[in-house]
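Dumped entry_26.txt below, it's compact mmCIF, C-alpha atoms:
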# COMPACT_ATOMS: atom_id res chain seq x y z
CA HIS H 1372 0.00 0.00 0.00
CA GLU H 1373 2.84 2.39 0.82
CA GLU H 1374 4.36 1.99 -2.64
CA LYS H 1375 0.99 2.63 -4.28
CA ASN H 1376 0.50 5.73 -2.11
CA ARG H 1377 3.91 7.08 -3.04
CA ALA H 1378 3.25 6.44 -6.74
CA ALA H 1379 -0.13 8.16 -6.53
CA ALA H 1380 1.38 11.17 -4.75
CA LYS H 1381 4.11 11.39 -7.40
CA HIS H 1382 1.55 11.45 -10.21
CA LEU H 1383 -0.60 14.04 -8.42
CA TYR H 1384 2.46 16.21 -7.80
CA ALA H 1385 3.44 16.08 -11.48
CA ALA H 1386 -0.13 16.88 -12.54
CA ALA H 1387 -0.30 19.88 -10.19
CA LEU H 1388 2.99 21.28 -11.53
CA ALA H 1389 1.78 20.75 -15.10
CA ALA H 1390 -1.39 22.68 -14.20
CA GLY H 1391 0.70 25.68 -13.17
CA PHE H 1392 0.99 25.34 -9.38
CA LYS H 1393 4.36 26.56 -8.07
CA ARG H 1394 4.22 24.82 -4.70
CA VAL H 1395 2.45 21.55 -3.90
CA ASP H 1396 2.05 20.12 -0.40
CA PHE H 1397 0.12 17.00 0.56
CA GLU H 1398 -1.70 16.58 3.86
CA PHE H 1399 -3.75 13.88 5.56
CA GLU H 1400 -7.48 14.37 5.04
CA PRO H 1401 -8.43 14.82 8.73
CA VAL H 1402 -5.55 17.29 9.18
CA ALA H 1403 -6.71 19.30 6.18
CA ALA H 1404 -10.26 19.21 7.55
CA ALA H 1405 -8.97 20.36 10.95
CA TYR H 1406 -7.18 23.35 9.44
CA ASN H 1407 -10.28 24.21 7.44
CA TYR H 1408 -12.39 24.10 10.61
CA ALA H 1409 -9.86 26.18 12.51
CA LEU H 1410 -10.13 28.96 9.92
CA SER H 1411 -13.77 29.51 10.91
CA ALA H 1412 -13.28 29.24 14.68
CA GLN H 1413 -14.59 32.36 16.39
CA THR H 1414 -12.98 31.65 19.76
CA PRO H 1415 -9.96 29.55 20.82
CA GLU H 1416 -10.97 25.90 21.26
CA HIS H 1417 -9.78 22.32 21.00
CA ALA H 1418 -11.63 20.30 18.38
CA LEU H 1419 -11.60 16.62 17.49
CA ILE H 1420 -11.96 15.97 13.75
CA PHE H 1421 -12.56 12.45 12.44
CA ASP H 1422 -12.64 11.00 8.96
CA PHE H 1423 -14.56 7.73 8.78
CA GLY H 1424 -13.90 6.51 5.25
CA GLY H 1425 -14.34 3.33 3.28
CA GLY H 1426 -11.26 1.62 4.69
CA THR H 1427 -9.85 3.70 7.56
CA PHE H 1428 -10.89 5.72 10.59
CA ASP H 1429 -8.62 8.74 11.16
CA VAL H 1430 -8.74 11.24 14.02
CA THR H 1431 -7.09 14.63 14.47
CA ILE H 1432 -7.09 16.96 17.48
CA VAL H 1433 -6.51 20.62 16.65
CA SER H 1434 -5.98 23.64 18.87
CA ALA H 1435 -7.96 26.20 16.89
CA GLN H 1436 -6.90 29.79 17.52
CA GLY H 1437 -8.68 31.36 14.56
CA GLY H 1438 -7.20 31.86 11.12
CA TRP H 1439 -3.92 30.07 10.48
CA ARG H 1440 -2.78 30.32 14.10
CA SER H 1441 -3.65 26.72 14.88
CA ASN H 1442 -1.72 23.65 15.96
CA ILE H 1443 -2.28 19.95 15.33
CA LEU H 1444 -2.03 18.26 18.73
CA GLY H 1445 -2.45 14.68 17.64
CA LEU H 1446 -3.16 12.39 14.70
CA ALA H 1447 -4.02 8.69 14.75
CA GLY H 1448 -5.90 6.14 12.72
CA ALA H 1449 -7.18 2.58 12.57
CA PRO H 1450 -7.74 0.26 9.60
CA VAL H 1451 -11.50 0.17 10.14
CA GLY H 1452 -14.00 1.72 7.76
CA GLY H 1453 -17.35 1.49 6.09
CA SER H 1454 -16.26 -1.49 3.99
CA ASP H 1455 -15.84 -3.52 7.19
CA PHE H 1456 -19.50 -2.90 8.01
CA ASP H 1457 -20.47 -3.98 4.49
CA ARG H 1458 -18.57 -7.24 4.87
CA SER H 1459 -20.04 -7.90 8.32
CA ILE H 1460 -23.58 -7.30 7.07
CA MET H 1461 -22.94 -9.61 4.14
CA TYR H 1462 -21.43 -12.40 6.24
CA GLU H 1463 -23.76 -12.29 9.25
CA LYS H 1464 -27.09 -11.25 7.74
CA ILE H 1465 -27.14 -12.05 4.03
CA ALA H 1466 -24.83 -15.03 3.47
CA PRO H 1467 -27.20 -17.44 5.31
CA SER H 1468 -29.70 -16.77 2.50
CA PHE H 1469 -27.07 -18.19 0.12
CA GLY H 1470 -26.42 -21.34 2.17
CA LYS H 1471 -24.01 -20.28 4.92
CA GLY H 1472 -24.51 -22.60 7.89
CA CYS H 1473 -26.57 -25.05 5.85
CA TYR H 1474 -26.12 -28.81 5.47
CA VAL H 1475 -26.14 -30.57 2.12
CA ASP H 1476 -27.14 -33.70 4.03
CA ASP H 1477 -26.99 -34.82 7.66
CA ASP H 1478 -23.23 -35.38 7.50
CA HIS H 1479 -22.02 -32.69 5.12
CA HIS H 1480 -21.83 -29.14 6.48
CA VAL H 1481 -21.03 -26.48 3.90
CA SER H 1482 -17.63 -24.90 4.56
CA ASP H 1483 -17.63 -21.24 5.62
CA ALA H 1484 -14.55 -20.72 3.43
CA VAL H 1485 -16.81 -20.44 0.40
CA PHE H 1486 -18.75 -17.59 1.95
CA LEU H 1487 -15.62 -15.60 2.71
CA GLU H 1488 -15.49 -15.09 -1.05
CA LEU H 1489 -18.80 -13.22 -0.81
CA LEU H 1490 -17.35 -10.44 1.34
CA ASN H 1491 -16.31 -8.36 -1.69
CA TRP H 1492 -18.19 -7.97 -4.92
CA GLN H 1493 -14.91 -8.41 -6.82
CA THR H 1494 -14.28 -11.88 -5.37
CA ILE H 1495 -17.86 -12.88 -6.20
CA LEU H 1496 -16.90 -12.30 -9.84
CA ASN H 1497 -13.94 -14.64 -9.40
CA LEU H 1498 -16.23 -17.45 -8.25
CA ASN H 1499 -17.81 -17.51 -11.69
CA ARG H 1500 -14.38 -18.40 -13.13
CA ASN H 1501 -13.79 -21.19 -10.61
CA ARG H 1502 -14.96 -24.37 -12.36
CA ARG H 1503 -14.34 -26.55 -9.33
CA PHE H 1504 -16.55 -24.32 -7.19
CA LEU H 1505 -19.32 -24.30 -9.83
CA ARG H 1506 -19.30 -28.11 -9.99
CA THR H 1507 -19.46 -28.30 -6.19
CA LEU H 1508 -22.32 -25.80 -6.18
CA ASP H 1509 -24.26 -27.97 -8.62
CA ASP H 1510 -23.73 -30.94 -6.29
CA TRP H 1511 -25.10 -28.96 -3.36
CA ILE H 1512 -28.18 -28.06 -5.38
CA PHE H 1513 -28.71 -31.69 -6.39
CA TYR H 1514 -28.19 -33.33 -2.98
CA ALA H 1515 -29.50 -30.71 -0.53
CA ASP H 1516 -32.87 -31.26 1.12
CA ASP H 1517 -33.48 -27.53 0.64
CA PRO H 1518 -31.64 -26.42 -2.52
CA ALA H 1519 -33.19 -22.91 -2.58
CA PRO H 1520 -30.25 -21.09 -0.86
CA PHE H 1521 -27.74 -22.75 -3.19
CA LYS H 1522 -29.82 -21.90 -6.25
CA ALA H 1523 -29.84 -18.29 -5.05
CA LEU H 1524 -26.04 -18.44 -4.67
CA LYS H 1525 -25.71 -19.77 -8.21
CA ARG H 1526 -27.79 -16.89 -9.57
CA LEU H 1527 -25.73 -14.40 -7.57
CA VAL H 1528 -22.51 -15.74 -9.09
CA LYS H 1529 -23.58 -16.60 -12.64
CA GLU H 1530 -25.69 -13.49 -13.25
CA HIS H 1531 -23.12 -11.10 -11.75
CA HIS H 1532 -25.36 -9.60 -9.06
CA GLY H 1533 -22.51 -9.04 -6.57
CA PHE H 1534 -21.96 -5.36 -7.31
CA ALA H 1535 -25.70 -4.59 -7.21
CA LEU H 1536 -26.02 -6.46 -3.90
CA PHE H 1537 -23.27 -4.41 -2.26
CA GLN H 1538 -24.88 -1.23 -3.58
CA GLU H 1539 -28.07 -2.25 -1.78
CA ILE H 1540 -26.08 -2.84 1.42
CA GLU H 1541 -24.68 0.68 1.12
CA ASN H 1542 -28.16 2.11 0.51
CA GLU H 1543 -29.51 0.33 3.59
CA LYS H 1544 -26.70 1.78 5.71
CA LYS H 1545 -27.67 5.26 4.55
CA ARG H 1546 -31.32 4.64 5.40
CA LEU H 1547 -30.35 3.39 8.86
CA ARG H 1548 -28.21 6.49 9.46
CA PHE H 1549 -31.19 8.67 8.53
CA LYS H 1550 -33.53 6.67 10.74
CA TYR H 1551 -31.38 7.04 13.85
CA SER H 1552 -30.33 10.65 13.22
CA HIS H 1553 -33.78 11.95 12.29
CA THR H 1554 -35.54 13.95 15.01
CA PHE H 1555 -39.14 12.93 15.45
CA SER H 1556 -41.60 15.42 16.88
CA ARG H 1557 -44.05 14.14 19.46
CA GLU H 1558 -47.34 15.67 20.50
CA ILE H 1559 -47.52 16.63 24.19
CA PRO H 1560 -50.95 17.05 25.79
CA LEU H 1561 -51.23 20.59 27.12
CA GLU H 1562 -53.92 22.01 29.40
CA GLU H 1563 -54.95 25.56 28.59
CA PHE H 1564 -55.93 27.91 31.41
CA VAL H 1565 -56.28 31.63 32.15
CA MET H 1566 -54.25 33.27 34.94
CA ASP H 1567 -55.71 36.27 36.75
CA MET H 1568 -53.56 39.40 36.52
CA ASN H 1569 -52.99 40.35 40.18
CA LYS H 1570 -50.09 40.81 42.57
CA LYS H 1571 -50.34 37.31 44.04
CA SER H 1572 -47.77 35.91 41.57
CA ILE H 1573 -44.48 37.28 40.29
CA SER H 1574 -45.65 37.37 36.68
CA GLY H 1575 -48.96 38.96 37.71
CA TYR H 1576 -47.17 41.60 39.84
CA VAL H 1577 -44.90 42.56 36.94
CA ALA H 1578 -47.86 42.70 34.53
CA VAL H 1579 -49.96 44.90 36.83
CA THR H 1580 -47.27 47.27 38.14
CA GLY H 1581 -44.85 47.31 35.21
CA GLU H 1582 -41.96 47.14 37.69
CA VAL H 1583 -38.81 45.09 37.18
CA VAL H 1584 -38.34 42.42 39.83
CA ASN H 1585 -34.80 41.27 40.57
CA LEU H 1586 -34.63 37.74 41.99
What does the file become when written as C-alpha cells?
Amino acid sequence: HEEKNRAAAKHLYAAALAAGFKRVDFEFEPVAAAYNYALSAQTPEHALIFDFGGGTFDVTIVSAQGGWRSNILGLAGAPVGGSDFDRSIMYEKIAPSFGKGCYVDDDHHVSDAVFLELLNWQTILNLNRNRRFLRTLDDWIFYADDPAPFKALKRLVKEHHGFALFQEIENEKKRLRFKYSHTFSREIPLEEFVMDMNKKSISGYVAVTGEVVNL
C-alpha cells in the first residue's frame, strides 16, 4: 500500500505542476479538515476531527486559535471503515440466504470458506471463473434437502449480481443512518388555562405594576 500511495502522490504532484501550481504540499485528510475548521473558529478551542472513510478511521485533534494560528495536537488512525461494516452485514445477515450454515445432508456441512469469497463484490466475480466451485455448487443443489439457498447463490454468481447487492447494502446503511439521526416530533398534551392578573404571583405583579423584579 505504501508503494501505491507514493506512486499516486508522485503522479498528483506532477499533474499539479503541469497545471501551473508553483508549490504543492500534501496533507492527511483529517488534518486538512482540521485546518479548514480552525479557519472559521470564532474563539480559541480544541476540536476533534474524524474521517470515517471506506477503509480507515482517522482522528485529528486541533488547537484552533482562529485563522492560520492553529496547531495539530495529535493524529491517529485505525484500519477500520465502512467497507468492514459492508462485509459484516454480508457475512452475518445475508450469506445465510445463500447457504451459509446449511447442510447438504446430515453429515455434510457447507464450509464457511466459500462464503468468505462473498465479502467483496470483486471476489464474487472470481467465483464464476472457478470451475471446481461451480461443480461443487451444482452438487449442493442436487443433494440438498433444501436447494433454494444454493440456487440463489448460483444466480448471484452466474448473473453477476454481486456489485448490485453491495450497492443495496450501502443504501440500507444510509437509510439506517437517517432513521437514527432523524428527530421525530411528538405531541404533548397541554392544558390551557387563564391566569388572573394580580399581585399574588411574580408574573402577575410585573404585569400589573410594570416594575422590574430582581430575583
request  = Find the distance between CA of Asp1510 in chain H and CA of Ser1459 in chain H and write it in Å to one decimal.
outcome  = 27.5 Å
note = Computed gap from CA of Tyr1408 in chain H to CA of Ser1454 in chain H is 26.7 Å
Show which residues sit within 12 Å of Thr1507 in chain H, as a CSV table (one decimal) with C-alpha atoms, keeping the file's coordinate frame. Count all atoms listed in the file, and ignore same-chain residues fewer than 6 positions away.
chain,number,residue,atom,x,y,z
H,1475,VAL,CA,-26.1,-30.6,2.1
H,1481,VAL,CA,-21.0,-26.5,3.9
H,1482,SER,CA,-17.6,-24.9,4.6
H,1485,VAL,CA,-16.8,-20.4,0.4
H,1498,LEU,CA,-16.2,-17.4,-8.2
H,1501,ASN,CA,-13.8,-21.2,-10.6
H,1513,PHE,CA,-28.7,-31.7,-6.4
H,1514,TYR,CA,-28.2,-33.3,-3.0
H,1515,ALA,CA,-29.5,-30.7,-0.5
H,1521,PHE,CA,-27.7,-22.8,-3.2
H,1524,LEU,CA,-26.0,-18.4,-4.7
H,1525,LYS,CA,-25.7,-19.8,-8.2
Please report as a Markdown table every residue of range 1375-1461 of chain H lying within 10 Å of range 1529-1538 of chain H, along with the nearest atom pair and their distance in Å (one decimal), using all atoms listed in the file.
| residue | atom | partner | partner_atom | distance |
| --- | --- | --- | --- | --- |
| H:Ser1454 | CA | H:Phe1537 | CA | 9.8 |
| H:Asp1457 | CA | H:Phe1537 | CA | 7.3 |
| H:Arg1458 | CA | H:Phe1537 | CA | 9.0 |
| H:Ile1460 | CA | H:Phe1537 | CA | 9.8 |
| H:Met1461 | CA | H:Phe1537 | CA | 8.3 |
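Excluding range 1418-1429 of chain H itself and any same-chain residue fewer than 4 positions from it, the protein and nucleic acid residues within 7 Å of it, counting all atoms listed in the file, are Pro1401, Ala1405, Val1433, Ser1434, Ala1447, Gly1448, Ala1449, Pro1450, Val1451, Gly1452, Gly1453 and Ser1454 of chain H.
The coordinates place CA of Thr1494 in chain H at 16.9 Å from CA of Phe1456 in chain H.
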inquiry  = Would you pick out the contacts of Phe1486 in chain H at 9 Å or less, using all atoms listed in the file, so that residues sharing its chain but fewer than 2 positions from it are not included, and give the list as a PyMOL selection string?
reply    = chain H and resi 1462+1466+1469-1471+1482-1484+1488-1490
query = Taking into account all atoms listed in the file, which residue in the set H:Glu1373, H:Asp1455, H:Asp1396, H:Glu1463 is nearest to Asn1491 in chain H?
reply =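 When distances to Asn1491 in chain H are compared using all atoms listed in the file, the smallest one comes from H:Asp1455.
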inquiry  = So, with only C-alpha atoms as the atoms that count, which of H:Gln1436, H:Gln1493, H:Asn1376, H:Ser1468 lies closest to Pro1520 in chain H?
reply    = H:Ser1468
key: Nearest candidate to Trp1492 in chain H (options H:Ala1523, H:Ile1432, H:Ile1540, H:Ala1389; using only C-alpha atoms)   =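 Ranked by minimum distance to Trp1492 in chain H, first place goes to H:Ile1540.
Proximity of H:Thr1431, H:Asp1517, H:Asn1499, H:Ile1443 to Cys1473 in chain H, computed with all atoms listed in the file, is greatest for H:Asp1517.
Compared by their closest atoms to Leu1508 in chain H, and using all atoms listed in the file, the residues H:Lys1464, H:Lys1545, H:Arg1526, H:Lys1381 rank with H:Arg1526 nearest.
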Since fewer atoms than expected are present, regenerate all heavy atoms for range 1399-1410 of chain H and write them as a PDB file, keeping the file's coordinate frame.
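Output below, filename result_21.pdb:
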ATOM      1  N   PHE H1399      -2.733  14.874   5.230  1.00  0.00           N
ATOM      2  CA  PHE H1399      -3.750  13.880   5.560  1.00  0.00           C
ATOM      3  C   PHE H1399      -5.128  14.542   5.571  1.00  0.00           C
ATOM      4  O   PHE H1399      -5.263  15.698   5.981  1.00  0.00           O
ATOM      5  CB  PHE H1399      -3.472  13.249   6.926  1.00  0.00           C
ATOM      6  CG  PHE H1399      -2.241  12.391   6.954  1.00  0.00           C
ATOM      7  CD1 PHE H1399      -1.113  12.786   7.653  1.00  0.00           C
ATOM      8  CD2 PHE H1399      -2.212  11.178   6.277  1.00  0.00           C
ATOM      9  CE1 PHE H1399       0.023  11.998   7.684  1.00  0.00           C
ATOM     10  CE2 PHE H1399      -1.079  10.376   6.296  1.00  0.00           C
ATOM     11  CZ  PHE H1399       0.039  10.786   7.001  1.00  0.00           C
ATOM     12  N   GLU H1400      -6.134  13.797   5.138  1.00  0.00           N
ATOM     13  CA  GLU H1400      -7.480  14.370   5.040  1.00  0.00           C
ATOM     14  C   GLU H1400      -7.988  14.951   6.359  1.00  0.00           C
ATOM     15  O   GLU H1400      -8.487  16.081   6.373  1.00  0.00           O
ATOM     16  CB  GLU H1400      -8.458  13.308   4.525  1.00  0.00           C
ATOM     17  CG  GLU H1400      -8.318  13.024   3.047  1.00  0.00           C
ATOM     18  CD  GLU H1400      -9.347  12.014   2.578  1.00  0.00           C
ATOM     19  OE1 GLU H1400      -9.073  10.805   2.687  1.00  0.00           O
ATOM     20  OE2 GLU H1400     -10.428  12.420   2.125  1.00  0.00           O
ATOM     21  N   PRO H1401      -7.909  14.230   7.493  1.00  0.00           N
ATOM     22  CA  PRO H1401      -8.430  14.820   8.730  1.00  0.00           C
ATOM     23  C   PRO H1401      -7.644  16.045   9.191  1.00  0.00           C
ATOM     24  O   PRO H1401      -8.198  16.935   9.833  1.00  0.00           O
ATOM     25  CB  PRO H1401      -8.320  13.679   9.747  1.00  0.00           C
ATOM     26  CG  PRO H1401      -7.302  12.748   9.182  1.00  0.00           C
ATOM     27  CD  PRO H1401      -7.427  12.851   7.705  1.00  0.00           C
ATOM     28  N   VAL H1402      -6.343  16.103   8.840  1.00  0.00           N
ATOM     29  CA  VAL H1402      -5.550  17.290   9.180  1.00  0.00           C
ATOM     30  C   VAL H1402      -6.003  18.479   8.338  1.00  0.00           C
ATOM     31  O   VAL H1402      -6.178  19.588   8.844  1.00  0.00           O
ATOM     32  CB  VAL H1402      -4.048  17.010   8.967  1.00  0.00           C
ATOM     33  CG1 VAL H1402      -3.236  18.287   9.150  1.00  0.00           C
ATOM     34  CG2 VAL H1402      -3.568  15.933   9.925  1.00  0.00           C
ATOM     35  N   ALA H1403      -6.215  18.235   7.040  1.00  0.00           N
ATOM     36  CA  ALA H1403      -6.710  19.300   6.180  1.00  0.00           C
ATOM     37  C   ALA H1403      -8.084  19.784   6.646  1.00  0.00           C
ATOM     38  O   ALA H1403      -8.361  20.994   6.672  1.00  0.00           O
ATOM     39  CB  ALA H1403      -6.791  18.810   4.732  1.00  0.00           C
ATOM     40  N   ALA H1404      -8.940  18.834   7.048  1.00  0.00           N
ATOM     41  CA  ALA H1404     -10.260  19.210   7.550  1.00  0.00           C
ATOM     42  C   ALA H1404     -10.146  20.002   8.851  1.00  0.00           C
ATOM     43  O   ALA H1404     -10.917  20.944   9.090  1.00  0.00           O
ATOM     44  CB  ALA H1404     -11.105  17.956   7.779  1.00  0.00           C
ATOM     45  N   ALA H1405      -9.174  19.640   9.693  1.00  0.00           N
ATOM     46  CA  ALA H1405      -8.970  20.360  10.950  1.00  0.00           C
ATOM     47  C   ALA H1405      -8.537  21.800  10.706  1.00  0.00           C
ATOM     48  O   ALA H1405      -9.036  22.737  11.343  1.00  0.00           O
ATOM     49  CB  ALA H1405      -7.933  19.634  11.810  1.00  0.00           C
ATOM     50  N   TYR H1406      -7.611  21.995   9.771  1.00  0.00           N
ATOM     51  CA  TYR H1406      -7.180  23.350   9.440  1.00  0.00           C
ATOM     52  C   TYR H1406      -8.342  24.159   8.860  1.00  0.00           C
ATOM     53  O   TYR H1406      -8.507  25.348   9.154  1.00  0.00           O
ATOM     54  CB  TYR H1406      -6.029  23.308   8.440  1.00  0.00           C
ATOM     55  CG  TYR H1406      -4.680  23.049   9.077  1.00  0.00           C
ATOM     56  CD1 TYR H1406      -3.830  22.067   8.579  1.00  0.00           C
ATOM     57  CD2 TYR H1406      -4.255  23.794  10.172  1.00  0.00           C
ATOM     58  CE1 TYR H1406      -2.595  21.822   9.154  1.00  0.00           C
ATOM     59  CE2 TYR H1406      -3.022  23.563  10.757  1.00  0.00           C
ATOM     60  CZ  TYR H1406      -2.195  22.575  10.249  1.00  0.00           C
ATOM     61  OH  TYR H1406      -0.969  22.338  10.837  1.00  0.00           O
ATOM     62  N   ASN H1407      -9.137  23.518   8.030  1.00  0.00           N
ATOM     63  CA  ASN H1407     -10.280  24.210   7.440  1.00  0.00           C
ATOM     64  C   ASN H1407     -11.275  24.637   8.523  1.00  0.00           C
ATOM     65  O   ASN H1407     -11.810  25.747   8.487  1.00  0.00           O
ATOM     66  CB  ASN H1407     -10.979  23.304   6.422  1.00  0.00           C
ATOM     67  CG  ASN H1407     -12.130  24.001   5.729  1.00  0.00           C
ATOM     68  OD1 ASN H1407     -11.949  24.935   4.963  1.00  0.00           O
ATOM     69  ND2 ASN H1407     -13.346  23.541   5.993  1.00  0.00           N
ATOM     70  N   TYR H1408     -11.499  23.759   9.503  1.00  0.00           N
ATOM     71  CA  TYR H1408     -12.390  24.100  10.610  1.00  0.00           C
ATOM     72  C   TYR H1408     -11.815  25.242  11.443  1.00  0.00           C
ATOM     73  O   TYR H1408     -12.528  26.167  11.854  1.00  0.00           O
ATOM     74  CB  TYR H1408     -12.632  22.883  11.494  1.00  0.00           C
ATOM     75  CG  TYR H1408     -13.442  23.189  12.732  1.00  0.00           C
ATOM     76  CD1 TYR H1408     -14.829  23.278  12.668  1.00  0.00           C
ATOM     77  CD2 TYR H1408     -12.818  23.422  13.952  1.00  0.00           C
ATOM     78  CE1 TYR H1408     -15.573  23.581  13.791  1.00  0.00           C
ATOM     79  CE2 TYR H1408     -13.552  23.712  15.090  1.00  0.00           C
ATOM     80  CZ  TYR H1408     -14.932  23.796  15.008  1.00  0.00           C
ATOM     81  OH  TYR H1408     -15.670  24.105  16.123  1.00  0.00           O
ATOM     82  N   ALA H1409     -10.504  25.171  11.681  1.00  0.00           N
ATOM     83  CA  ALA H1409      -9.860  26.180  12.510  1.00  0.00           C
ATOM     84  C   ALA H1409      -9.969  27.579  11.904  1.00  0.00           C
ATOM     85  O   ALA H1409     -10.017  28.578  12.620  1.00  0.00           O
ATOM     86  CB  ALA H1409      -8.398  25.822  12.728  1.00  0.00           C
ATOM     87  N   LEU H1410     -10.014  27.655  10.576  1.00  0.00           N
ATOM     88  CA  LEU H1410     -10.130  28.960   9.920  1.00  0.00           C
ATOM     89  C   LEU H1410     -11.425  29.678  10.304  1.00  0.00           C
ATOM     90  O   LEU H1410     -11.482  30.912  10.324  1.00  0.00           O
ATOM     91  CB  LEU H1410     -10.077  28.784   8.396  1.00  0.00           C
ATOM     92  CG  LEU H1410      -8.714  28.466   7.795  1.00  0.00           C
ATOM     93  CD1 LEU H1410      -8.860  28.141   6.312  1.00  0.00           C
ATOM     94  CD2 LEU H1410      -7.754  29.642   7.985  1.00  0.00           C
TER      95      LEU H1410
END
